[in-house]
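Encoded as structure tokens, the structure appears first; notes follow it.
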Amino acid sequence: MTGDGHSRRAVLRTAGIAGAGLGLGAFAGGTAHADAPAVGAASGTASGTAADTAKDTAKAPARKGDTMIGVPFDRRSTVRVGIIGLGNRGGSMIDLFLAIPGVRVVALCDPVKEKTAAAAKKVTAAGQPAPATYTKGEHDYENLCKRGDIDFVYVATPWDFHFEMAKSAMLNGKHVGVECPIAMRLDELWELVDLSERTRRHCMQLENCCYGKNEMRVLRMAHAGKFGDLLHAAGAYNHDLRGLMFDPDYYEGPWRRLWHTRLRGDLYPNHGFGPTANYMDVNRGDRVTHISSFGTPALGLAEYRKEHMPPGDPSWKETYIESDRTISLVQTAKGRVIRLEHDVSTPHPYSRINSLGGTRGVFEDYPERIYIEPDHTNDEWGDFGKYAAEFDHWLWKEHSNPPGGHGGMDYIMIFRLMQTMQLGLVPDFDVYDAATWTAPVPLSHLSIKAKGAPQAIPDFTRGLWKKARPGIDSEKPKA
């Protein structure tokens, strides 16, 4: 969670896991071929062959319930929300829930009582009844999940707790949406898939970048055939976080920085993978099959620490192994290629890359530019803005100036999710998307340890990816 107490638990818990080994290769019931290195380990080699590891990671466990593909929410006029985690993310996202008609925030949970109290004041200031609050230790979120007056649980905590909180929500009959990544291990991803199917509750990765204005415009253009047959895409999370990760006041404890002592792969693939997977209709007519990853040396955080942190700072006890830049290539069943990048440890301007190419042209973001035939000629980039009137998604046309951060895509995402619950619609994304978009976390680590050897990406849909179906490129509801 976002409180000091929970952060201390995160430090102890994940340090113990790292020392014992994460068992990243064993998540489909096979035998682990590559454990996570212990804190302080500089490198490692995967035991077993790459083919053995790929086979194990791809094996799907037997289905324990009917699919959640195409399952609508029960229609409800009011969506009752419980929020777990009220730090930087949860403390700001509560404003968006409160801004949507027909949404009530009924319960809040964070071990930092001051943050819970501040969030509760926002609820009453919005004219809603005072919410129940849960601040009594690291497991009090379980009591929030047990309430009978909650329809949807929103989880905005450190990554260490996403899996167990999503699990608790579903086991207590709640739909759940989780900030990125939804879990850190393949076995956890499979368990979330199985729990969603068994409990008949949706478990969703709240990937806000899928609702970015440019991303949604590109998606609609792709579906309209403007890029021809799709061939390649690229997405990233290249964001210099060095200052924030060493800032004692920004994160509650060093939980995010400590992940750089545990894994070498792409720790945060969702912002790039979610939108590009949508472009390729992954899980909706295509699927991702393998990932090959490569990582640079881990130098950036240590250099930043040397220049900015005083002697005796606790960070001097840390040994960083996370690659400063991870580059992954993902193959799809149709032969397409998606490139993913992750870099939060070196100086560079922010970029999610956000590129899509096909037989008729290409779009590239940061800065936005487009070249598609026959609209453009002479190898000169065209104006992407000229496609807004025809291809902007109806959500952006209805909400041209949305509130909230990240250019409004946070609000668009929450508005649409609450709308699907209020109208009893199928959600735009589901547990299979959540698991797919997060699978590069453990698999990129395995691939880097295996010197780039391809790792099989499980088919979390268990064969149902072959059928085309709607996604984030949704039709405007009639009611």
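Residues are referred to by chain and number: the chain letter is A, B, ... according to the order shown in the structure tokens, the number counts from 1 in that chain, and ligands are numbered separately from 1 in the order shown.
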
Per residue of stretch 311-408 of chain A within 12 Å of stretch 248-259 of chain A, note the shortest atom pair and the distance in Å to one decimal, counting only C-alpha atoms, and order the rows by chain and increasing residue number, as CSV.
residue,atom,partner,partner_atom,distance
A:Asp313,CA,A:Pro248,CA,10.5
A:Pro314,CA,A:Pro254,CA,9.5
A:Ser315,CA,A:Pro254,CA,8.5
A:Trp316,CA,A:Leu258,CA,11.8
A:Lys317,CA,A:Leu258,CA,10.7
A:Glu318,CA,A:Leu258,CA,7.7
A:Thr319,CA,A:Leu258,CA,9.1
A:Tyr320,CA,A:Leu258,CA,8.2
A:Ile321,CA,A:Trp259,CA,9.1
A:Glu322,CA,A:Trp259,CA,7.8
A:Ser323,CA,A:Trp259,CA,11.3
A:Val344,CA,A:Arg257,CA,10.1
A:Ser345,CA,A:Arg257,CA,9.9

Please write the residues from the selection above to a file, keeping all heavy atoms, as a compact mmCIF listing (two decimals), in the first residue's frame.
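Okay, out09.txt is ready:
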# COMPACT_ATOMS: atom_id res chain seq x y z
N ASP A 313 23.18 6.94 3.61
CA ASP A 313 21.80 6.75 3.15
C ASP A 313 21.54 5.26 2.96
O ASP A 313 22.40 4.52 2.48
CB ASP A 313 21.59 7.50 1.83
CG ASP A 313 20.14 7.45 1.39
OD1 ASP A 313 19.36 8.31 1.85
OD2 ASP A 313 19.78 6.55 0.60
N PRO A 314 20.34 4.77 3.34
CA PRO A 314 20.05 3.34 3.20
C PRO A 314 20.24 2.79 1.79
O PRO A 314 20.50 1.60 1.62
CB PRO A 314 18.59 3.23 3.66
CG PRO A 314 18.39 4.40 4.57
CD PRO A 314 19.24 5.49 4.01
N SER A 315 20.11 3.65 0.79
CA SER A 315 20.24 3.17 -0.59
C SER A 315 21.64 2.63 -0.89
O SER A 315 21.81 1.85 -1.84
CB SER A 315 19.90 4.29 -1.57
OG SER A 315 20.83 5.35 -1.47
N TRP A 316 22.64 3.01 -0.09
CA TRP A 316 24.01 2.54 -0.35
C TRP A 316 24.14 1.05 -0.07
O TRP A 316 25.15 0.43 -0.47
CB TRP A 316 25.00 3.34 0.48
CG TRP A 316 25.25 4.70 -0.11
CD1 TRP A 316 24.68 5.87 0.26
CD2 TRP A 316 26.12 5.00 -1.20
NE1 TRP A 316 25.14 6.89 -0.53
CE2 TRP A 316 26.04 6.39 -1.44
CE3 TRP A 316 26.97 4.23 -2.01
CZ2 TRP A 316 26.76 7.03 -2.44
CZ3 TRP A 316 27.70 4.87 -3.01
CH2 TRP A 316 27.59 6.25 -3.21
N LYS A 317 23.17 0.45 0.58
CA LYS A 317 23.20 -0.99 0.82
C LYS A 317 22.62 -1.79 -0.35
O LYS A 317 22.66 -3.01 -0.34
CB LYS A 317 22.42 -1.32 2.09
CG LYS A 317 23.00 -0.69 3.35
CD LYS A 317 22.15 -1.04 4.57
CE LYS A 317 22.70 -0.40 5.83
NZ LYS A 317 21.86 -0.72 7.03
N GLU A 318 22.11 -1.09 -1.36
CA GLU A 318 21.42 -1.75 -2.46
C GLU A 318 22.36 -1.99 -3.64
O GLU A 318 23.21 -1.15 -3.95
CB GLU A 318 20.24 -0.88 -2.93
CG GLU A 318 19.21 -0.62 -1.84
CD GLU A 318 18.28 0.52 -2.16
OE1 GLU A 318 18.40 1.12 -3.26
OE2 GLU A 318 17.44 0.83 -1.30
N THR A 319 22.20 -3.12 -4.29
CA THR A 319 22.93 -3.44 -5.52
C THR A 319 21.91 -3.60 -6.64
O THR A 319 21.03 -4.46 -6.57
CB THR A 319 23.74 -4.74 -5.37
OG1 THR A 319 24.68 -4.58 -4.31
CG2 THR A 319 24.47 -5.07 -6.66
N TYR A 320 22.04 -2.76 -7.66
CA TYR A 320 21.04 -2.71 -8.72
C TYR A 320 21.41 -3.66 -9.84
O TYR A 320 22.55 -3.66 -10.32
CB TYR A 320 20.89 -1.28 -9.24
CG TYR A 320 20.61 -0.31 -8.11
CD1 TYR A 320 21.53 0.68 -7.76
CD2 TYR A 320 19.44 -0.42 -7.38
CE1 TYR A 320 21.28 1.54 -6.71
CE2 TYR A 320 19.18 0.44 -6.31
CZ TYR A 320 20.11 1.42 -5.98
OH TYR A 320 19.87 2.26 -4.94
N ILE A 321 20.45 -4.48 -10.27
CA ILE A 321 20.67 -5.43 -11.36
C ILE A 321 19.73 -5.17 -12.54
O ILE A 321 19.94 -5.71 -13.62
CB ILE A 321 20.50 -6.88 -10.88
CG1 ILE A 321 19.06 -7.15 -10.45
CG2 ILE A 321 21.48 -7.20 -9.77
CD1 ILE A 321 18.75 -8.61 -10.21
N GLU A 322 18.70 -4.36 -12.32
CA GLU A 322 17.74 -4.08 -13.38
C GLU A 322 18.42 -3.36 -14.54
O GLU A 322 19.09 -2.34 -14.35
CB GLU A 322 16.59 -3.23 -12.83
CG GLU A 322 15.75 -2.49 -13.85
CD GLU A 322 14.93 -3.40 -14.73
OE1 GLU A 322 14.95 -4.62 -14.52
OE2 GLU A 322 14.27 -2.89 -15.66
N SER A 323 18.26 -3.87 -15.74
CA SER A 323 18.85 -3.25 -16.92
C SER A 323 18.40 -1.80 -17.04
O SER A 323 17.22 -1.50 -16.89
CB SER A 323 18.43 -4.02 -18.18
OG SER A 323 18.73 -5.39 -18.07
N VAL A 344 13.91 3.65 -16.93
CA VAL A 344 13.58 4.67 -15.94
C VAL A 344 14.83 5.10 -15.17
O VAL A 344 14.72 5.79 -14.16
CB VAL A 344 12.51 4.16 -14.95
CG1 VAL A 344 11.21 3.85 -15.67
CG2 VAL A 344 13.01 2.94 -14.17
N SER A 345 16.01 4.70 -15.65
CA SER A 345 17.25 4.87 -14.90
C SER A 345 18.28 5.77 -15.56
O SER A 345 19.38 5.95 -15.02
CB SER A 345 17.89 3.50 -14.63
OG SER A 345 16.98 2.64 -14.01

Fewer than 5 positions away in the same chain doesn't count, so skip those; otherwise give me all residues within 8 Å of A:His393, counting only C-alpha atoms, as a PyMOL selection string. chain A and resi 213+216-217+220+473

Could you list, as a PyMOL selection string, every residue within 7 Å of stretch 66-75 of chain A, counting only C-alpha atoms and ignoring same-chain residues fewer than 4 positions away? chain A and resi 197+421-427

Include C-alpha atoms and write out the residues we just selected as a CSV table (one decimal), in the first residue's frame.
chain,number,residue,atom,x,y,z
A,197,GLU,CA,-13.5,-17.4,-14.3
A,421,MET,CA,-21.0,-1.2,-15.1
A,422,GLN,CA,-24.0,1.2,-15.0
A,423,LEU,CA,-25.4,0.0,-18.3
A,424,GLY,CA,-24.6,-3.7,-17.8
A,425,LEU,CA,-22.1,-3.9,-20.8
A,426,VAL,CA,-19.1,-6.1,-21.4
A,427,PRO,CA,-16.0,-4.3,-20.2

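The nearest approach to A:Gly408 among the residues A:Ile372, A:Met184, A:Ala439, A:Cys210, with only C-alpha atoms taken into account, belongs to A:Cys210.
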
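Among the candidate residues A:Gln128, A:Thr135, A:Gln419, A:Asn214, the one lying nearest to A:Leu108 is A:Thr135, with distances computed using only C-alpha atoms.
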
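Pairwise distance (atom CA of A:Cys203, atom CA of A:Asp110) equals 21.0 Å.
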
As a VMD selection string, list the residues of stretch 291-392 of chain A assigned to strand (DSSP E or B) by DSSP on the backbone atoms of this structure. chain A and resid 291 to 295 326 to 332 337 to 343 351 355 to 358 361 to 364 369 to 372 382

Applying 9 Å and only C-alpha atoms, which residues near stretch 290-296 of chain A remain after dropping the ones on its own chain fewer than 2 positions away? List them as a PyMOL selection string. chain A and resi 54+264-266+288+298-299+322-332+340+440+443-449+451-458

Rank A:Tyr134, A:Trp396, A:Tyr279, A:Phe384 by their smallest atom-to-atom distance to A:Ile370, using only C-alpha atoms, and report the top residue only. A:Phe384

Could you pull out all residues of stretch 261-476 of chain A with a DSSP call of alpha helix (DSSP H) and give them as a VMD selection string? chain A and resid 270 to 279 300 to 308 388 to 391 394 to 398 409 to 423 431 to 438 440 to 449

Residue neighbourhood A:Asp286, 9 Å, only C-alpha atoms, exclusion window fewer than 2 positions, as a ChimeraX atom specification: /A:280-284,288,332-334,465-468

Within 7 Å of A:Val106, counting only C-alpha atoms, which residues show up once you throw out same-chain ones fewer than 6 positions away? Write them as a list in words, please.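 Counting only C-alpha atoms, the residues come to Arg80, Val81, Gly82, Pro131 and Ala132 of chain A.
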
Report as number ranges by chain all protein, DNA and RNA residues lying within 7 Å of A:Ala183, evaluated on only C-alpha atoms, omitting residues in the same chain fewer than 6 positions from it. A: 159, 162-163, 189

Please indicate the distance in Å from atom CA of A:Phe415 to atom CA of A:Val79, rounded to one decimal place.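 Taking atom CA of A:Phe415 as the start and atom CA of A:Val79 as the end point, the length is 11.5 Å.
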
Selected residue of minimal separation from A:Arg352 among A:Gly300, A:Gly405, A:Gly335, A:Gly235, counting only C-alpha atoms: A:Gly235

Which one of A:Arg305, A:Arg63, A:His223, A:Lys122 sits closest to A:Val193 if you count only C-alpha atoms? A:Arg63

How far is it from atom CA of A:Lys136 to atom CA of A:Asp149, in Å with one decimal?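 Atom-to-atom, atom CA of A:Lys136 and atom CA of A:Asp149 are spaced 20.0 Å apart.
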